[in-house]
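Before any comments, here is the structure.
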2 protein chains.
Amino acid sequence: MAREEKVPKKIEAFSIKLPPIEEGDDLGKMISKRLDLMDDDILVIAHTVVSKSEGRIRRLKEINPGDLAFEIAKKKKEDPRFVQAVLDETKEILIDHPIFLVEANCRNICINAGVDRSNVEEGYLILLPRDPDASAERIRRRIFEMTRKRVGVIISDTNGRPFRIGQVGFSIGIYGIEPIRDWKGKKDIFGKKLKITEEAIADELAGMSNILMGEGDWLAPVVVIRGLSILSDEKKGIKRIYRDEGKDYIRMAIKNFYSQ
Amino acid sequence: MAREEKVPKKIEAFSIKLPPIEEGDDLGKMISKRLDLMDDDILVIAHTVVSKSEGRIRRLKEINPGDLAFEIAKKKKEDPRFVQAVLDETKEILIDHPIFLVEANCRNICINAGVDRSNVEEGYLILLPRDPDASAERIRRRIFEMTRKRVGVIISDTNGRPFRIGQVGFSIGIYGIEPIRDWKGKKDIFGKKLKITEEAIADELAGMSNILMGEGDWLAPVVVIRGLSILSDEKKGIKRIYRDEGKDYIRMAIKNFYSQ
């Protein structure tokens, strides 16, 4: 059951640093030990540390590109092994060139399926978690074991978007909160039905948290947001946020145009 | 000159309420009187109150729809006067049906050019500010006159986005801050060049602020964000954030598909 929603007067948000993360590291424990968590805290965690703790790293020189990877790599003047890594993480290609926009296996639509050379050792690639909702759930449960505090967890990545330059943080996995705040049936200040009926609060929180994480060498991959009451016990995950293909008019246009 | 950027450890954000706004209301003064502003505060202001203070309201029954408005209204089963109001605010139509996606005169790409029936009296429509950067500048200057504090101003609207359901807050006008944080030349934790080079912080802040504003009848249209040092004296406005048409691969696909 979702708790009753109210608009808070004030929130605070702060970032915390973690040591370099390796496969098998217990993120829930590491986070719990670094601050005094409170019920209703929302933790936004950069996927990079989650991916590393889950061993979602590939070594470039161990990748054998197939024909499609060579074909796309030629158009893009890109390393075919990198392209193969993207293809391995891809459910559907939307545009292969000049940008490489795909639906990743975890359903996020993003450039390069989230595969990245940054924030990982030279010669390696970092991938998205295999199931970011499950990762968020695991971390949430571990934190509860350690602290007995009920928190919400958002796993974030940084993506571009159409029409506007600049990347922003998005949620790619969640546990313990609703991704969407539902305004259906609510009225405006004149008693009329609201135009805005669904607000993507998980993405709004992931975006702001990105500012506190930074992208540089002082990376602080965890942000705590305090003051919201948006926890939910319903286990819905992020999947609800992705549009059905048949109702995604922009996806249809892209597929049509770039498959010509 | 932009001040030196640093990643803050902590921010706080809180919303403030305003009385119902009418044309000619002095928003800068109203905001200044309601709290003790500090240097470096960022104010995120819902465009609805800015639009109202600027008289950007139209009465439906005073609108005479033209042929194109009737044609689109028929496809959409929409009031042709509403469609005409959207067309009057539109620079270019990207999709007219089943969604009405346009580039608004102020360059934001959004549904219905931001024209809205919510949060305004029955029989009226609320429009976007004519020049949201200029609106932000006016409010910023008035606040400085009143308080001698240097703040940044973001005017926000709530828009949908491709691929994901749910609306989020976006910046449509700014003054006194950079819309983009530039990471070019910065290194990752392994000393490598970053993939993410431009972060759309104005949008990330507008998104989070949306959560604190609410959309309902307890509307709190101003959010103060405290703890960031992102002010800039350079007068760039939001225009920098919109992609050049020739580099916007998704816009190209949409135009091609829906003009067939």
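Labels for the structure tokens follow display order: chains A, B, ..., residues from 1 in each chain, ligands from 1.
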
Original post:
What lies within 7 Å of segment 122-124 of chain A using only C-alpha atoms, ignoring chain neighbours under 5 positions off, as number ranges by chain?
Top reply: A: 57-60, 117

Please identify every residue of chain A that has at least one atom no farther than 7 Å from an atom of chain B, counting only C-alpha atoms, and for each give the shortest atom pair and the distance in Å to one decimal, arranged by chain then increasing number, as a Markdown table.
```
| residue | atom | partner | partner_atom | distance |
| --- | --- | --- | --- | --- |
| A:Val7 | CA | B:Leu212 | CA | 6.0 |
| A:Pro8 | CA | B:Leu212 | CA | 6.3 |
| A:Lys9 | CA | B:Phe14 | CA | 5.4 |
| A:Lys10 | CA | B:Phe14 | CA | 4.1 |
| A:Ile11 | CA | B:Ala13 | CA | 5.4 |
| A:Glu12 | CA | B:Glu12 | CA | 4.2 |
| A:Ala13 | CA | B:Ile11 | CA | 5.4 |
| A:Phe14 | CA | B:Lys10 | CA | 4.1 |
| A:Ser15 | CA | B:Lys9 | CA | 5.8 |
| A:Ile109 | CA | B:Phe163 | CA | 6.9 |
| A:Ser118 | CA | B:Leu194 | CA | 5.7 |
| A:Asn119 | CA | B:Asp188 | CA | 5.4 |
| A:Val120 | CA | B:Phe190 | CA | 6.7 |
| A:Glu121 | CA | B:Phe190 | CA | 6.2 |
| A:Pro162 | CA | B:Ile250 | CA | 6.2 |
| A:Phe163 | CA | B:Arg243 | CA | 5.4 |
| A:Arg164 | CA | B:Tyr242 | CA | 4.6 |
| A:Ile165 | CA | B:Ile241 | CA | 5.3 |
| A:Gly166 | CA | B:Ala200 | CA | 4.7 |
| A:Gln167 | CA | B:Glu199 | CA | 4.8 |
| A:Val168 | CA | B:Ala200 | CA | 5.8 |
| A:Ile180 | CA | B:Gly166 | CA | 6.5 |
| A:Lys186 | CA | B:Gly216 | CA | 6.2 |
| A:Lys187 | CA | B:Gly216 | CA | 5.6 |
| A:Asp188 | CA | B:Gly216 | CA | 4.8 |
| A:Ile189 | CA | B:Asp217 | CA | 4.2 |
| A:Phe190 | CA | B:Glu121 | CA | 6.2 |
| A:Lys192 | CA | B:Ser118 | CA | 6.7 |
| A:Leu194 | CA | B:Ser118 | CA | 5.7 |
| A:Lys195 | CA | B:Ser118 | CA | 6.1 |
| A:Glu198 | CA | B:Gly166 | CA | 4.8 |
| A:Glu199 | CA | B:Gln167 | CA | 4.8 |
| A:Ala200 | CA | B:Gly166 | CA | 4.6 |
| A:Ile201 | CA | B:Ile211 | CA | 6.7 |
| A:Glu204 | CA | B:Gly207 | CA | 4.7 |
| A:Leu205 | CA | B:Met208 | CA | 5.7 |
| A:Gly207 | CA | B:Glu204 | CA | 4.7 |
| A:Met208 | CA | B:Glu204 | CA | 4.8 |
| A:Ile211 | CA | B:Ile201 | CA | 6.7 |
| A:Leu212 | CA | B:Val7 | CA | 6.0 |
| A:Gly214 | CA | B:Val7 | CA | 6.3 |
| A:Glu215 | CA | B:Asp188 | CA | 6.9 |
| A:Gly216 | CA | B:Asp188 | CA | 4.8 |
| A:Asp217 | CA | B:Ile189 | CA | 4.2 |
| A:Ile241 | CA | B:Ile165 | CA | 5.3 |
| A:Tyr242 | CA | B:Arg164 | CA | 4.6 |
| A:Arg243 | CA | B:Arg164 | CA | 5.2 |
| A:Asp248 | CA | B:Phe163 | CA | 6.4 |
| A:Ile250 | CA | B:Pro162 | CA | 6.2 |
| A:Arg251 | CA | B:Phe163 | CA | 6.9 |
| A:Ala253 | CA | B:Ile254 | CA | 5.2 |
| A:Ile254 | CA | B:Ala253 | CA | 5.2 |
| A:Phe257 | CA | B:Ala253 | CA | 5.3 |
```

Original post:
When DSSP works through the backbone of this structure, what residues of segment 40-234 of chain A end up as alpha helix (DSSP H), shown as a PyMOL selection string?
Top reply: chain A and resi 47-53+67-76+80-88+132-147+201-213

Original post:
In Å to one decimal, how far is atom CA of Glu89 of chain B from atom CA of Asn105 of chain B?
Top reply: 5.6 Å

Original post:
Excluding same-chain residues fewer than 4 positions from Ser156 of chain A, what lies within 8 Å of it counting only C-alpha atoms, as a ChimeraX atom specification?
Top reply: /A:44-47,169-173,206

Subject >> Contacts of Arg142 of chain B within 9 Å, only C-alpha atoms, excl. fewer than 5 positions in-chain, as an NGL selection string >> reply: :B and (26-29 or 32 or 137 or 147)

For the residues in that selection, give me C-alpha atoms as an mmCIF file, in the first residue's frame.
```
data_model
loop_
_atom_site.group_PDB
_atom_site.id
_atom_site.type_symbol
_atom_site.label_atom_id
_atom_site.label_comp_id
_atom_site.auth_asym_id
_atom_site.auth_seq_id
_atom_site.Cartn_x
_atom_site.Cartn_y
_atom_site.Cartn_z
ATOM 1 C CA ASP B 26 5.210 41.872 -8.973
ATOM 2 C CA LEU B 27 6.503 38.314 -8.562
ATOM 3 C CA GLY B 28 10.031 39.357 -7.575
ATOM 4 C CA LYS B 29 8.647 41.457 -4.749
ATOM 5 C CA SER B 32 11.382 38.471 -1.732
ATOM 6 C CA GLU B 137 15.866 38.100 -15.969
ATOM 7 C CA THR B 147 17.205 42.129 -1.363
#
```

**OP:** Could you give me, as a VMD selection string, the residues within 9 Å of Val83 of chain B, counting only C-alpha atoms and dropping anything in the same chain fewer than 6 positions from it?
**Re:** chain B and resid 65 68 to 70 72 to 73 112

Generate a file of the selected residues that holds all heavy atoms, formatted as a tab-separated table (two decimals), in the first residue's frame.
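See again-v8.tsv below for the written result:
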```tsv
chain	number	residue	atom	x	y	z
B	65	PRO	N	-11.05	30.33	-34.78
B	65	PRO	CA	-10.18	29.34	-35.41
B	65	PRO	C	-10.13	29.50	-36.93
B	65	PRO	O	-11.14	29.80	-37.56
B	65	PRO	CB	-10.82	28.00	-35.05
B	65	PRO	CG	-11.98	28.31	-34.16
B	65	PRO	CD	-12.29	29.75	-34.26
B	68	LEU	N	-6.85	25.60	-40.71
B	68	LEU	CA	-5.94	24.57	-40.20
B	68	LEU	C	-6.39	24.10	-38.81
B	68	LEU	O	-6.34	22.90	-38.50
B	68	LEU	CB	-4.50	25.10	-40.15
B	68	LEU	CG	-3.44	24.12	-39.64
B	68	LEU	CD1	-3.40	22.85	-40.47
B	68	LEU	CD2	-2.05	24.79	-39.63
B	69	ALA	N	-6.83	25.04	-37.99
B	69	ALA	CA	-7.30	24.68	-36.65
B	69	ALA	C	-8.51	23.74	-36.74
B	69	ALA	O	-8.59	22.74	-36.01
B	69	ALA	CB	-7.65	25.93	-35.84
B	70	PHE	N	-9.43	24.05	-37.65
B	70	PHE	CA	-10.60	23.17	-37.80
B	70	PHE	C	-10.19	21.78	-38.28
B	70	PHE	O	-10.70	20.76	-37.81
B	70	PHE	CB	-11.61	23.79	-38.79
B	70	PHE	CG	-12.55	24.79	-38.14
B	70	PHE	CD1	-12.42	26.15	-38.38
B	70	PHE	CD2	-13.55	24.36	-37.26
B	70	PHE	CE1	-13.27	27.07	-37.77
B	70	PHE	CE2	-14.40	25.27	-36.66
B	70	PHE	CZ	-14.25	26.64	-36.91
B	72	ILE	N	-7.25	20.18	-37.91
B	72	ILE	CA	-6.58	19.41	-36.87
B	72	ILE	C	-7.57	19.03	-35.76
B	72	ILE	O	-7.57	17.91	-35.25
B	72	ILE	CB	-5.38	20.20	-36.29
B	72	ILE	CG1	-4.30	20.37	-37.37
B	72	ILE	CG2	-4.80	19.50	-35.06
B	72	ILE	CD1	-3.16	21.30	-36.98
B	73	ALA	N	-8.44	19.98	-35.41
B	73	ALA	CA	-9.41	19.73	-34.34
B	73	ALA	C	-10.31	18.55	-34.68
B	73	ALA	O	-10.68	17.76	-33.80
B	73	ALA	CB	-10.25	20.99	-34.10
B	112	ASN	N	1.07	20.59	-27.22
B	112	ASN	CA	0.15	21.74	-27.21
B	112	ASN	C	0.85	23.09	-27.02
B	112	ASN	O	0.22	24.06	-26.55
B	112	ASN	CB	-0.91	21.59	-26.09
B	112	ASN	CG	-1.82	20.40	-26.32
B	112	ASN	OD1	-1.94	19.92	-27.45
B	112	ASN	ND2	-2.46	19.92	-25.27
```
